[in-house]
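Asks: First the structure, which I've put down as C-alpha coordinates, then a few questions once you've had a look.
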Amino acid sequence: MLSRVADSLYWMSRYLERAEHTARLLDLNAHWLLDQKPESITRRWDRVVQSLGLDGAVAAPADPLSISRRLTFDAAEPGSIVACINAARRNAREVREQISSEMWEQLNRLYLRVQHTDAEAAWEGQVHDFFKAIKEGSHLFQGITDATMSHDEGWQFIQLGRSIERVSATVNLLEAHFRDYGEAQESPLLADDYLEWVGLLKSCTAFEAYCRVYTVNVQPRHVAEFLLLDPAFPHSVRFGVNMMRSALDAIAEATETTRRGGAYRLAGRLASELSYDQIDEILPRGLMAYLAGVREQCRQIHAEIHNTCIAYPIEAAL
(Lines give C-alpha, C1' and ligand atoms only; values in the text may rest on other atoms or scores of the structure.)
Protein backbone atom coordinates (compact mmCIF):
# COMPACT_ATOMS: atom_id res chain seq x y z
CA MET A 1 0.00 0.00 0.00
CA LEU A 2 1.23 3.50 -0.82
CA SER A 3 2.28 5.51 2.20
CA ARG A 4 -0.08 8.39 1.31
CA VAL A 5 -3.02 5.98 1.24
CA ALA A 6 -2.13 4.54 4.64
CA ASP A 7 -1.70 8.05 6.02
CA SER A 8 -5.07 9.25 4.73
CA LEU A 9 -6.98 6.20 5.97
CA TYR A 10 -5.31 6.44 9.37
CA TRP A 11 -6.11 10.14 9.82
CA MET A 12 -9.59 9.87 8.36
CA SER A 13 -10.39 7.39 11.11
CA ARG A 14 -8.71 9.43 13.86
CA TYR A 15 -10.48 12.65 12.94
CA LEU A 16 -13.90 11.01 12.78
CA GLU A 17 -13.36 9.31 16.14
CA ARG A 18 -12.26 12.66 17.60
CA ALA A 19 -15.41 14.39 16.29
CA GLU A 20 -17.64 11.70 17.82
CA HIS A 21 -15.81 11.91 21.15
CA THR A 22 -16.08 15.70 21.29
CA ALA A 23 -19.78 15.59 20.42
CA ARG A 24 -20.39 13.05 23.18
CA LEU A 25 -18.61 15.14 25.82
CA LEU A 26 -20.31 18.40 24.84
CA ASP A 27 -23.73 16.79 24.63
CA LEU A 28 -23.44 15.14 28.03
CA ASN A 29 -22.11 18.19 29.84
CA ALA A 30 -24.53 20.61 28.20
CA HIS A 31 -27.39 18.36 29.28
CA TRP A 32 -26.16 18.35 32.89
CA LEU A 33 -25.86 22.13 33.14
CA LEU A 34 -29.35 22.30 34.60
CA ASP A 35 -28.68 19.81 37.40
CA GLN A 36 -25.59 21.19 39.13
CA LYS A 37 -24.41 24.06 41.28
CA PRO A 38 -22.37 26.89 39.68
CA GLU A 39 -19.10 25.72 41.27
CA SER A 40 -19.71 22.17 40.05
CA ILE A 41 -20.43 23.47 36.54
CA THR A 42 -17.15 25.40 36.47
CA ARG A 43 -15.18 22.37 37.64
CA ARG A 44 -16.92 20.09 35.13
CA TRP A 45 -16.18 22.34 32.16
CA ASP A 46 -12.59 22.81 33.24
CA ARG A 47 -12.29 19.03 33.00
CA VAL A 48 -13.91 19.01 29.57
CA VAL A 49 -11.28 21.47 28.32
CA GLN A 50 -8.46 19.50 29.98
CA SER A 51 -9.65 16.15 28.66
CA LEU A 52 -9.77 17.49 25.11
CA GLY A 53 -6.21 18.76 25.46
CA LEU A 54 -7.23 22.38 24.99
CA ASP A 55 -6.06 23.93 28.28
CA GLY A 56 -4.33 26.86 26.60
CA ALA A 57 -6.36 26.90 23.40
CA VAL A 58 -9.74 28.05 24.70
CA ALA A 59 -9.44 31.75 25.40
CA ALA A 60 -11.79 33.95 27.38
CA PRO A 61 -14.71 34.14 27.65
CA ALA A 62 -14.46 30.58 28.94
CA ASP A 63 -18.06 30.05 30.01
CA PRO A 64 -19.70 26.72 29.08
CA LEU A 65 -21.75 28.20 26.23
CA SER A 66 -18.72 29.85 24.61
CA ILE A 67 -16.62 26.71 25.01
CA SER A 68 -19.33 24.52 23.50
CA ARG A 69 -19.96 26.77 20.53
CA ARG A 70 -16.26 27.09 19.78
CA LEU A 71 -15.64 23.35 20.03
CA THR A 72 -18.66 22.66 17.83
CA PHE A 73 -18.78 25.18 14.99
CA ASP A 74 -15.46 27.08 14.93
CA ALA A 75 -13.62 25.74 11.87
CA ALA A 76 -10.49 27.62 12.96
CA GLU A 77 -10.30 25.55 16.15
CA PRO A 78 -8.40 22.35 15.18
CA GLY A 79 -10.23 20.23 17.77
CA SER A 80 -13.75 21.39 16.92
CA ILE A 81 -16.35 19.01 15.51
CA VAL A 82 -16.60 20.96 12.26
CA ALA A 83 -12.82 21.02 11.77
CA CYS A 84 -12.47 17.29 12.50
CA ILE A 85 -15.23 16.28 10.06
CA ASN A 86 -13.77 18.57 7.41
CA ALA A 87 -10.37 16.93 7.90
CA ALA A 88 -11.86 13.41 7.84
CA ARG A 89 -13.62 14.12 4.54
CA ARG A 90 -10.50 15.72 3.06
CA ASN A 91 -8.50 12.58 3.85
CA ALA A 92 -11.26 10.35 2.49
CA ARG A 93 -11.29 12.31 -0.76
CA GLU A 94 -7.56 11.66 -1.15
CA VAL A 95 -8.21 7.90 -1.14
CA ARG A 96 -11.62 7.85 -2.77
CA GLU A 97 -10.68 4.80 -4.86
CA GLN A 98 -9.67 2.83 -1.75
CA ILE A 99 -12.95 3.10 0.18
CA SER A 100 -16.43 1.91 -0.74
CA SER A 101 -19.07 4.15 -2.28
CA GLU A 102 -21.22 3.63 0.80
CA MET A 103 -18.43 4.88 3.06
CA TRP A 104 -17.92 7.99 0.96
CA GLU A 105 -21.65 8.71 0.79
CA GLN A 106 -22.05 8.42 4.56
CA LEU A 107 -19.06 10.63 5.33
CA ASN A 108 -20.17 13.16 2.72
CA ARG A 109 -23.69 13.13 4.20
CA LEU A 110 -22.25 13.88 7.64
CA TYR A 111 -20.06 16.64 6.18
CA LEU A 112 -23.01 18.28 4.43
CA ARG A 113 -25.09 18.09 7.60
CA VAL A 114 -22.39 20.01 9.45
CA GLN A 115 -21.86 22.54 6.67
CA HIS A 116 -25.55 23.31 6.29
CA THR A 117 -26.25 23.68 10.00
CA ASP A 118 -26.64 27.27 11.13
CA ALA A 119 -24.75 27.66 14.40
CA GLU A 120 -27.10 30.29 15.82
CA ALA A 121 -30.24 28.37 14.93
CA ALA A 122 -28.84 25.07 16.22
CA TRP A 123 -27.81 26.56 19.55
CA GLU A 124 -31.08 28.33 20.07
CA GLY A 125 -33.02 25.23 19.07
CA GLN A 126 -32.21 21.60 19.69
CA VAL A 127 -28.42 21.36 19.82
CA HIS A 128 -28.85 17.89 21.30
CA ASP A 129 -30.19 16.75 17.92
CA PHE A 130 -27.05 18.07 16.24
CA PHE A 131 -24.73 16.23 18.63
CA LYS A 132 -26.83 13.09 18.24
CA ALA A 133 -26.49 13.29 14.46
CA ILE A 134 -22.70 13.53 14.77
CA LYS A 135 -22.49 10.53 17.09
CA GLU A 136 -24.87 8.38 15.07
CA GLY A 137 -23.24 9.43 11.81
CA SER A 138 -19.83 8.33 13.09
CA HIS A 139 -21.19 5.02 14.37
CA LEU A 140 -22.94 4.42 11.07
CA PHE A 141 -19.72 5.10 9.18
CA GLN A 142 -17.89 2.55 11.34
CA GLY A 143 -20.57 -0.05 10.66
CA ILE A 144 -20.60 0.64 6.93
CA THR A 145 -16.80 0.42 6.88
CA ASP A 146 -16.83 -3.01 8.51
CA ALA A 147 -19.63 -4.24 6.23
CA THR A 148 -18.49 -2.93 2.84
CA MET A 149 -14.69 -2.68 2.87
CA SER A 150 -12.32 -5.61 2.47
CA HIS A 151 -10.66 -6.32 5.78
CA ASP A 152 -7.23 -5.93 4.27
CA GLU A 153 -4.29 -3.67 5.01
CA GLY A 154 -6.29 -0.47 4.41
CA TRP A 155 -9.05 -1.55 6.80
CA GLN A 156 -6.42 -2.30 9.42
CA PHE A 157 -5.05 1.24 9.18
CA ILE A 158 -8.58 2.53 9.83
CA GLN A 159 -8.82 0.33 12.94
CA LEU A 160 -5.36 1.44 14.02
CA GLY A 161 -6.23 5.12 13.80
CA ARG A 162 -9.50 4.69 15.66
CA SER A 163 -7.88 2.65 18.44
CA ILE A 164 -5.04 5.09 19.08
CA GLU A 165 -7.44 8.04 19.14
CA ARG A 166 -9.82 6.23 21.49
CA VAL A 167 -7.08 5.17 23.90
CA SER A 168 -5.69 8.71 24.00
CA ALA A 169 -9.16 10.14 24.67
CA THR A 170 -9.83 7.73 27.54
CA VAL A 171 -6.42 8.43 29.11
CA ASN A 172 -7.05 12.19 28.91
CA LEU A 173 -10.47 11.79 30.55
CA LEU A 174 -9.02 9.73 33.39
CA GLU A 175 -6.27 12.28 33.96
CA ALA A 176 -8.71 15.17 34.04
CA HIS A 177 -10.94 13.46 36.61
CA PHE A 178 -8.30 11.92 38.85
CA ARG A 179 -5.94 14.91 38.93
CA ASP A 180 -7.72 16.43 41.95
CA TYR A 181 -8.46 13.18 43.76
CA GLY A 182 -5.09 11.55 44.29
CA GLU A 183 -5.48 7.85 45.02
CA ALA A 184 -9.02 6.65 44.44
CA GLN A 185 -10.16 5.45 47.85
CA GLU A 186 -13.35 3.49 48.35
CA SER A 187 -15.65 5.61 50.52
CA PRO A 188 -19.17 7.10 50.40
CA LEU A 189 -19.43 9.88 47.82
CA LEU A 190 -21.29 13.16 48.11
CA ALA A 191 -24.05 13.76 45.60
CA ASP A 192 -21.97 16.12 43.43
CA ASP A 193 -18.98 13.78 43.48
CA TYR A 194 -21.19 10.85 42.56
CA LEU A 195 -22.42 12.76 39.51
CA GLU A 196 -18.84 13.56 38.53
CA TRP A 197 -17.89 9.87 38.38
CA VAL A 198 -21.12 8.90 36.65
CA GLY A 199 -20.34 11.66 34.17
CA LEU A 200 -16.90 10.16 33.51
CA LEU A 201 -18.45 6.77 32.80
CA LYS A 202 -21.08 8.27 30.52
CA SER A 203 -18.38 10.24 28.73
CA CYS A 204 -17.00 6.85 27.67
CA THR A 205 -20.46 5.30 27.07
CA ALA A 206 -19.50 3.02 29.95
CA PHE A 207 -22.14 3.49 32.65
CA GLU A 208 -24.33 0.47 31.82
CA ALA A 209 -21.32 -1.75 31.13
CA TYR A 210 -19.73 -0.65 34.43
CA CYS A 211 -22.92 -1.41 36.36
CA ARG A 212 -23.01 -4.94 34.98
CA VAL A 213 -19.58 -5.53 36.54
CA TYR A 214 -19.72 -3.45 39.74
CA THR A 215 -23.48 -2.71 40.12
CA VAL A 216 -24.46 0.92 40.71
CA ASN A 217 -21.88 1.30 43.49
CA VAL A 218 -19.81 3.91 41.67
CA GLN A 219 -16.39 4.20 43.30
CA PRO A 220 -13.36 6.00 41.82
CA ARG A 221 -11.15 2.93 42.29
CA HIS A 222 -13.57 0.75 40.34
CA VAL A 223 -14.00 3.40 37.65
CA ALA A 224 -10.23 3.56 37.15
CA GLU A 225 -9.98 -0.22 37.03
CA PHE A 226 -12.81 -0.58 34.52
CA LEU A 227 -11.72 2.16 32.11
CA LEU A 228 -8.07 1.14 32.29
CA LEU A 229 -7.99 -2.64 32.52
CA ASP A 230 -11.28 -4.15 31.36
CA PRO A 231 -10.46 -6.48 28.45
CA ALA A 232 -13.93 -6.50 26.85
CA PHE A 233 -15.22 -2.92 26.92
CA PRO A 234 -14.51 -1.06 23.62
CA HIS A 235 -13.54 2.26 25.26
CA SER A 236 -11.21 0.83 27.89
CA VAL A 237 -7.50 1.48 27.49
CA ARG A 238 -6.64 -2.22 27.54
CA PHE A 239 -9.19 -3.08 24.85
CA GLY A 240 -7.95 -0.25 22.61
CA VAL A 241 -4.31 -1.26 22.97
CA ASN A 242 -5.20 -4.86 22.14
CA MET A 243 -6.94 -3.61 18.99
CA MET A 244 -3.83 -1.59 18.11
CA ARG A 245 -1.67 -4.65 18.50
CA SER A 246 -4.01 -6.81 16.38
CA ALA A 247 -4.05 -4.21 13.61
CA LEU A 248 -0.27 -3.90 13.61
CA ASP A 249 0.12 -7.67 13.49
CA ALA A 250 -2.29 -7.87 10.55
CA ILE A 251 -0.44 -5.08 8.70
CA ALA A 252 2.87 -6.89 9.25
CA GLU A 253 1.38 -10.11 7.88
CA ALA A 254 -0.16 -8.34 4.87
CA THR A 255 3.10 -6.61 4.00
CA GLU A 256 5.20 -9.71 4.74
CA THR A 257 7.39 -7.82 7.18
CA THR A 258 8.73 -8.91 10.53
CA ARG A 259 7.31 -7.80 13.83
CA ARG A 260 10.62 -6.46 15.10
CA GLY A 261 9.79 -2.82 14.33
CA GLY A 262 9.42 -0.24 17.06
CA ALA A 263 5.64 0.07 16.77
CA TYR A 264 5.13 -3.68 17.17
CA ARG A 265 7.43 -3.91 20.17
CA LEU A 266 5.90 -0.87 21.88
CA ALA A 267 2.31 -2.06 21.32
CA GLY A 268 3.17 -5.57 22.52
CA ARG A 269 4.89 -4.28 25.63
CA LEU A 270 2.01 -1.94 26.49
CA ALA A 271 -0.56 -4.69 25.90
CA SER A 272 1.37 -7.00 28.23
CA GLU A 273 1.55 -4.36 30.97
CA LEU A 274 -2.19 -3.73 30.82
CA SER A 275 -2.92 -7.46 30.80
CA TYR A 276 -0.96 -8.20 33.97
CA ASP A 277 -1.14 -4.97 35.98
CA GLN A 278 -3.65 -4.74 38.83
CA ILE A 279 -5.34 -1.58 40.06
CA ASP A 280 -4.14 -2.31 43.62
CA GLU A 281 -0.58 -2.15 42.32
CA ILE A 282 -1.12 0.89 40.09
CA LEU A 283 -2.73 3.20 42.66
CA PRO A 284 0.08 3.09 45.27
CA ARG A 285 2.63 3.87 42.54
CA GLY A 286 0.51 6.80 41.36
CA LEU A 287 -2.30 6.68 38.83
CA MET A 288 -1.30 9.96 37.18
CA ALA A 289 2.23 8.69 36.52
CA TYR A 290 0.82 5.45 35.11
CA LEU A 291 -1.53 7.34 32.78
CA ALA A 292 1.30 9.62 31.68
CA GLY A 293 3.32 6.51 30.82
CA VAL A 294 0.50 5.04 28.74
CA ARG A 295 0.03 8.34 26.90
CA GLU A 296 3.75 8.59 26.16
CA GLN A 297 3.86 5.03 24.84
CA CYS A 298 0.88 5.80 22.57
CA ARG A 299 2.75 8.85 21.30
CA GLN A 300 5.78 6.69 20.56
CA ILE A 301 3.63 4.09 18.78
CA HIS A 302 2.12 6.83 16.61
CA ALA A 303 5.61 8.15 15.78
CA GLU A 304 6.87 4.67 14.91
CA ILE A 305 3.84 4.01 12.68
CA HIS A 306 4.58 7.25 10.85
CA ASN A 307 8.27 6.42 10.45
CA THR A 308 7.70 2.80 9.44
CA CYS A 309 4.59 2.94 7.25
CA ILE A 310 4.30 6.54 6.03
CA ALA A 311 7.58 8.48 6.04
CA TYR A 312 9.96 5.58 5.43
CA PRO A 313 12.99 6.21 3.17
CA ILE A 314 12.89 4.95 -0.41
CA GLU A 315 15.77 2.58 0.36
CA ALA A 316 13.50 0.68 2.77
CA ALA A 317 10.89 0.18 0.06
CA LEU A 318 13.51 -1.04 -2.42
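Naming scheme: A, B, ... for chains in displayed order of the C-alpha coordinates; residues 1 onward per chain; ligands 1 onward as shown.
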Please identify all polymer residues within 8 Å of region 43-46 of chain A, counting only C-alpha atoms, omitting same-chain residues fewer than 6 positions from it, and present them as a ChimeraX atom specification.

Replies: /A:29,64,196

Asks: Have a look at CA of Ala121 (chain A) and CA of Arg109 (chain A) and let me know their distance in Å, one decimal.

Replies: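 If I compute the distance from CA of Ala121 (chain A) to CA of Arg109 (chain A), I get 19.8 Å.
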
Asks: Name all residues at most 7 Å from region 258-275 of chain A (count only C-alpha atoms; drop same-chain ones fewer than 4 positions away) and give them as a list in words.

Replies: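 Close residues of region 258-275 of chain A: Leu229, Arg238, Val241, Asn242, Met244, Arg245, Leu248, Ala252, Gln297, Ile301, Glu304 and Ile305 of chain A.
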
Asks: Take the selection from the previous step and output its residues with all heavy atoms, as an mmCIF file, in the first residue's frame.

Replies:
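The resulting file, result-v3.cif, is shown below:
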```cif
data_model
loop_
_atom_site.group_PDB
_atom_site.id
_atom_site.type_symbol
_atom_site.label_atom_id
_atom_site.label_comp_id
_atom_site.auth_asym_id
_atom_site.auth_seq_id
_atom_site.Cartn_x
_atom_site.Cartn_y
_atom_site.Cartn_z
ATOM 1 N N LEU A 229 -8.433 -1.248 32.613
ATOM 2 C CA LEU A 229 -7.987 -2.640 32.521
ATOM 3 C C LEU A 229 -9.037 -3.628 32.034
ATOM 4 O O LEU A 229 -8.715 -4.810 31.876
ATOM 5 C CB LEU A 229 -7.469 -3.095 33.897
ATOM 6 C CG LEU A 229 -6.351 -2.244 34.509
ATOM 7 C CD1 LEU A 229 -5.994 -2.762 35.897
ATOM 8 C CD2 LEU A 229 -5.127 -2.226 33.612
ATOM 9 N N ARG A 238 -7.162 -0.896 27.876
ATOM 10 C CA ARG A 238 -6.637 -2.219 27.539
ATOM 11 C C ARG A 238 -7.242 -2.751 26.239
ATOM 12 O O ARG A 238 -6.521 -3.289 25.389
ATOM 13 C CB ARG A 238 -6.921 -3.193 28.689
ATOM 14 C CG ARG A 238 -6.424 -4.614 28.426
ATOM 15 C CD ARG A 238 -6.707 -5.523 29.618
ATOM 16 N NE ARG A 238 -6.385 -6.908 29.322
ATOM 17 C CZ ARG A 238 -6.615 -7.916 30.144
ATOM 18 N NH1 ARG A 238 -7.155 -7.690 31.341
ATOM 19 N NH2 ARG A 238 -6.300 -9.149 29.799
ATOM 20 N N VAL A 241 -5.698 -0.862 23.248
ATOM 21 C CA VAL A 241 -4.315 -1.255 22.974
ATOM 22 C C VAL A 241 -4.274 -2.638 22.332
ATOM 23 O O VAL A 241 -3.470 -2.885 21.420
ATOM 24 C CB VAL A 241 -3.481 -1.218 24.272
ATOM 25 C CG1 VAL A 241 -2.106 -1.839 24.055
ATOM 26 C CG2 VAL A 241 -3.327 0.227 24.757
ATOM 27 N N ASN A 242 -5.137 -3.542 22.776
ATOM 28 C CA ASN A 242 -5.197 -4.861 22.143
ATOM 29 C C ASN A 242 -5.613 -4.751 20.674
ATOM 30 O O ASN A 242 -5.102 -5.484 19.813
ATOM 31 C CB ASN A 242 -6.169 -5.769 22.900
ATOM 32 C CG ASN A 242 -5.603 -6.252 24.223
ATOM 33 O OD1 ASN A 242 -4.394 -6.244 24.432
ATOM 34 N ND2 ASN A 242 -6.479 -6.660 25.133
ATOM 35 N N MET A 244 -5.031 -2.127 18.776
ATOM 36 C CA MET A 244 -3.830 -1.591 18.111
ATOM 37 C C MET A 244 -2.880 -2.716 17.736
ATOM 38 O O MET A 244 -2.372 -2.791 16.610
ATOM 39 C CB MET A 244 -3.097 -0.633 19.055
ATOM 40 C CG MET A 244 -3.479 0.803 18.976
ATOM 41 S SD MET A 244 -2.264 1.758 19.912
ATOM 42 C CE MET A 244 -3.205 2.120 21.361
ATOM 43 N N ARG A 245 -2.623 -3.563 18.718
ATOM 44 C CA ARG A 245 -1.675 -4.653 18.501
ATOM 45 C C ARG A 245 -2.171 -5.599 17.411
ATOM 46 O O ARG A 245 -1.386 -6.025 16.547
ATOM 47 C CB ARG A 245 -1.461 -5.416 19.804
ATOM 48 C CG ARG A 245 -0.397 -6.492 19.729
ATOM 49 C CD ARG A 245 -0.256 -7.214 21.055
ATOM 50 N NE ARG A 245 0.828 -8.181 21.036
ATOM 51 C CZ ARG A 245 1.118 -8.992 22.038
ATOM 52 N NH1 ARG A 245 0.418 -8.938 23.161
ATOM 53 N NH2 ARG A 245 2.114 -9.844 21.944
ATOM 54 N N LEU A 248 -1.678 -3.907 14.009
ATOM 55 C CA LEU A 248 -0.270 -3.897 13.609
ATOM 56 C C LEU A 248 0.197 -5.279 13.170
ATOM 57 O O LEU A 248 0.956 -5.417 12.197
ATOM 58 C CB LEU A 248 0.587 -3.385 14.766
ATOM 59 C CG LEU A 248 0.523 -1.876 15.021
ATOM 60 C CD1 LEU A 248 1.146 -1.537 16.377
ATOM 61 C CD2 LEU A 248 1.237 -1.114 13.908
ATOM 62 N N ALA A 252 1.591 -6.220 9.456
ATOM 63 C CA ALA A 252 2.868 -6.895 9.253
ATOM 64 C C ALA A 252 2.695 -8.150 8.404
ATOM 65 O O ALA A 252 3.509 -8.436 7.510
ATOM 66 C CB ALA A 252 3.483 -7.252 10.609
ATOM 67 N N GLN A 297 3.654 6.202 25.690
ATOM 68 C CA GLN A 297 3.859 5.033 24.839
ATOM 69 C C GLN A 297 2.970 5.090 23.596
ATOM 70 O O GLN A 297 3.392 4.686 22.510
ATOM 71 C CB GLN A 297 3.581 3.756 25.637
ATOM 72 C CG GLN A 297 4.649 3.465 26.692
ATOM 73 C CD GLN A 297 4.362 2.204 27.472
ATOM 74 O OE1 GLN A 297 4.591 1.098 26.991
ATOM 75 N NE2 GLN A 297 3.862 2.356 28.690
ATOM 76 N N ILE A 301 4.187 5.006 19.773
ATOM 77 C CA ILE A 301 3.626 4.086 18.781
ATOM 78 C C ILE A 301 3.208 4.859 17.537
ATOM 79 O O ILE A 301 3.484 4.451 16.401
ATOM 80 C CB ILE A 301 2.435 3.314 19.376
ATOM 81 C CG1 ILE A 301 2.931 2.335 20.448
ATOM 82 C CG2 ILE A 301 1.673 2.561 18.291
ATOM 83 C CD1 ILE A 301 1.817 1.705 21.272
ATOM 84 N N GLU A 304 6.272 5.816 15.587
ATOM 85 C CA GLU A 304 6.870 4.671 14.906
ATOM 86 C C GLU A 304 6.036 4.242 13.702
ATOM 87 O O GLU A 304 6.586 3.841 12.666
ATOM 88 C CB GLU A 304 7.019 3.503 15.880
ATOM 89 C CG GLU A 304 8.122 3.684 16.907
ATOM 90 C CD GLU A 304 9.504 3.692 16.279
ATOM 91 O OE1 GLU A 304 9.667 3.103 15.180
ATOM 92 O OE2 GLU A 304 10.426 4.282 16.865
ATOM 93 N N ILE A 305 4.710 4.318 13.826
ATOM 94 C CA ILE A 305 3.843 4.006 12.679
ATOM 95 C C ILE A 305 4.149 4.972 11.535
ATOM 96 O O ILE A 305 4.264 4.573 10.373
ATOM 97 C CB ILE A 305 2.366 4.091 13.086
ATOM 98 C CG1 ILE A 305 2.002 2.955 14.045
ATOM 99 C CG2 ILE A 305 1.458 4.047 11.862
ATOM 100 C CD1 ILE A 305 0.655 3.122 14.702
#
```

Asks: Name the closest residue to Cys298 (chain A) among the candidates A:Asp27, A:Glu94, A:Glu165, A:Glu17; distances are taken between atoms, counting only C-alpha atoms.

Replies: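 Result for the nearest residue to Cys298 (chain A): A:Glu165.
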
Asks: Based on the backbone DSSP call, show me all residues of region 41-105 of chain A assigned alpha helix (DSSP H), as number ranges by chain.

Replies: A: 41-51, 64-73, 81-94, 101-105

Asks: Using only C-alpha atoms, find the one residue out of A:Trp104, A:Phe233, A:Phe157, A:Phe73 that sits nearest to Cys204 (chain A).

Replies: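 Nearest to Cys204 (chain A): A:Phe233.
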
Asks: Quick one, how far is CA of Glu225 (chain A) from CA of Arg285 (chain A)?

Replies: 14.4 Å

Asks: Residues within 9 Å of Ala250 (chain A), please, as a PyMOL selection string. Count only C-alpha atoms; anything in the same chain fewer than 6 positions from it doesn't count.

Replies: chain A and resi 152-153+156

Asks: Just checking: using only C-alpha atoms, which residue out of A:Val171, A:Ile164, A:Ala303, A:Leu287 ends up closest to Gln50 (chain A)?

Replies: A:Val171

Asks: Find the residue from A:Val5, A:Val95, A:Ile251, A:Leu16 that sits nearest to Tyr111 (chain A); use only C-alpha atoms when measuring.

Replies: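 Nearest to Tyr111 (chain A): A:Leu16.
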
Asks: Which residues, written as a list in words, have at least one atom at most 9 Å from Glu102 (chain A), with only C-alpha atoms counted and residues fewer than 6 positions away on the same chain left out?

Replies: Phe141, Ile144, Thr145 and Thr148 of chain A

Asks: Name the residues in contact with Leu112 (chain A) at a cut-off of 10 Å, using only C-alpha atoms, excluding same-chain residues fewer than 5 positions from it; report them as a count of residues only.

Replies: 5

Asks: Find the distance between CA of Ala292 (chain A) and CA of Arg18 (chain A) and write it in Å to one decimal.

Replies: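 Spanning CA of Ala292 (chain A) to CA of Arg18 (chain A) is a straight-line distance of 19.8 Å.
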
Asks: Which neighbours of Arg96 (chain A) fall inside 12 Å, counting only C-alpha atoms, when residues of the same chain fewer than 4 positions from it are skipped, and could you give them as a ChimeraX atom specification?

Replies: /A:5,8-9,12,88-92,100-105,107-108

Asks: Those residues with N, CA and C atoms, as an mmCIF file, in the first residue's frame please?

Replies:
```cif
data_model
loop_
_atom_site.group_PDB
_atom_site.id
_atom_site.type_symbol
_atom_site.label_atom_id
_atom_site.label_comp_id
_atom_site.auth_asym_id
_atom_site.auth_seq_id
_atom_site.Cartn_x
_atom_site.Cartn_y
_atom_site.Cartn_z
ATOM 1 N N VAL A 5 -1.730 6.623 1.014
ATOM 2 C CA VAL A 5 -3.021 5.976 1.238
ATOM 3 C C VAL A 5 -3.152 5.563 2.701
ATOM 4 N N SER A 8 -3.736 8.679 4.844
ATOM 5 C CA SER A 8 -5.075 9.254 4.735
ATOM 6 C C SER A 8 -6.119 8.397 5.438
ATOM 7 N N LEU A 9 -6.031 7.085 5.297
ATOM 8 C CA LEU A 9 -6.979 6.201 5.973
ATOM 9 C C LEU A 9 -6.833 6.300 7.490
ATOM 10 N N MET A 12 -8.145 9.820 8.538
ATOM 11 C CA MET A 12 -9.593 9.872 8.362
ATOM 12 C C MET A 12 -10.292 9.259 9.569
ATOM 13 N N ALA A 88 -11.565 14.807 8.167
ATOM 14 C CA ALA A 88 -11.859 13.408 7.835
ATOM 15 C C ALA A 88 -12.295 13.277 6.385
ATOM 16 N N ARG A 89 -13.160 14.173 5.936
ATOM 17 C CA ARG A 89 -13.623 14.121 4.542
ATOM 18 C C ARG A 89 -12.491 14.432 3.571
ATOM 19 N N ARG A 90 -11.628 15.377 3.928
ATOM 20 C CA ARG A 90 -10.500 15.717 3.064
ATOM 21 C C ARG A 90 -9.585 14.506 2.881
ATOM 22 N N ASN A 91 -9.326 13.787 3.952
ATOM 23 C CA ASN A 91 -8.495 12.584 3.851
ATOM 24 C C ASN A 91 -9.201 11.495 3.062
ATOM 25 N N ALA A 92 -10.516 11.363 3.241
ATOM 26 C CA ALA A 92 -11.259 10.348 2.489
ATOM 27 C C ALA A 92 -11.243 10.655 0.996
ATOM 28 N N SER A 100 -15.207 2.253 -0.007
ATOM 29 C CA SER A 100 -16.426 1.906 -0.737
ATOM 30 C C SER A 100 -17.272 3.148 -0.993
ATOM 31 N N SER A 101 -18.154 3.041 -1.976
ATOM 32 C CA SER A 101 -19.068 4.150 -2.280
ATOM 33 C C SER A 101 -19.950 4.461 -1.087
ATOM 34 N N GLU A 102 -20.362 3.419 -0.374
ATOM 35 C CA GLU A 102 -21.218 3.631 0.795
ATOM 36 C C GLU A 102 -20.490 4.412 1.891
ATOM 37 N N MET A 103 -19.204 4.132 2.072
ATOM 38 C CA MET A 103 -18.426 4.881 3.064
ATOM 39 C C MET A 103 -18.345 6.354 2.678
ATOM 40 N N TRP A 104 -18.034 6.606 1.410
ATOM 41 C CA TRP A 104 -17.920 7.988 0.956
ATOM 42 C C TRP A 104 -19.251 8.728 1.089
ATOM 43 N N GLU A 105 -20.331 8.077 0.716
ATOM 44 C CA GLU A 105 -21.645 8.710 0.790
ATOM 45 C C GLU A 105 -22.017 9.059 2.230
ATOM 46 N N LEU A 107 -19.916 9.563 4.835
ATOM 47 C CA LEU A 107 -19.060 10.635 5.328
ATOM 48 C C LEU A 107 -19.434 11.964 4.687
ATOM 49 N N ASN A 108 -19.764 11.933 3.406
ATOM 50 C CA ASN A 108 -20.166 13.155 2.720
ATOM 51 C C ASN A 108 -21.500 13.663 3.270
#
```
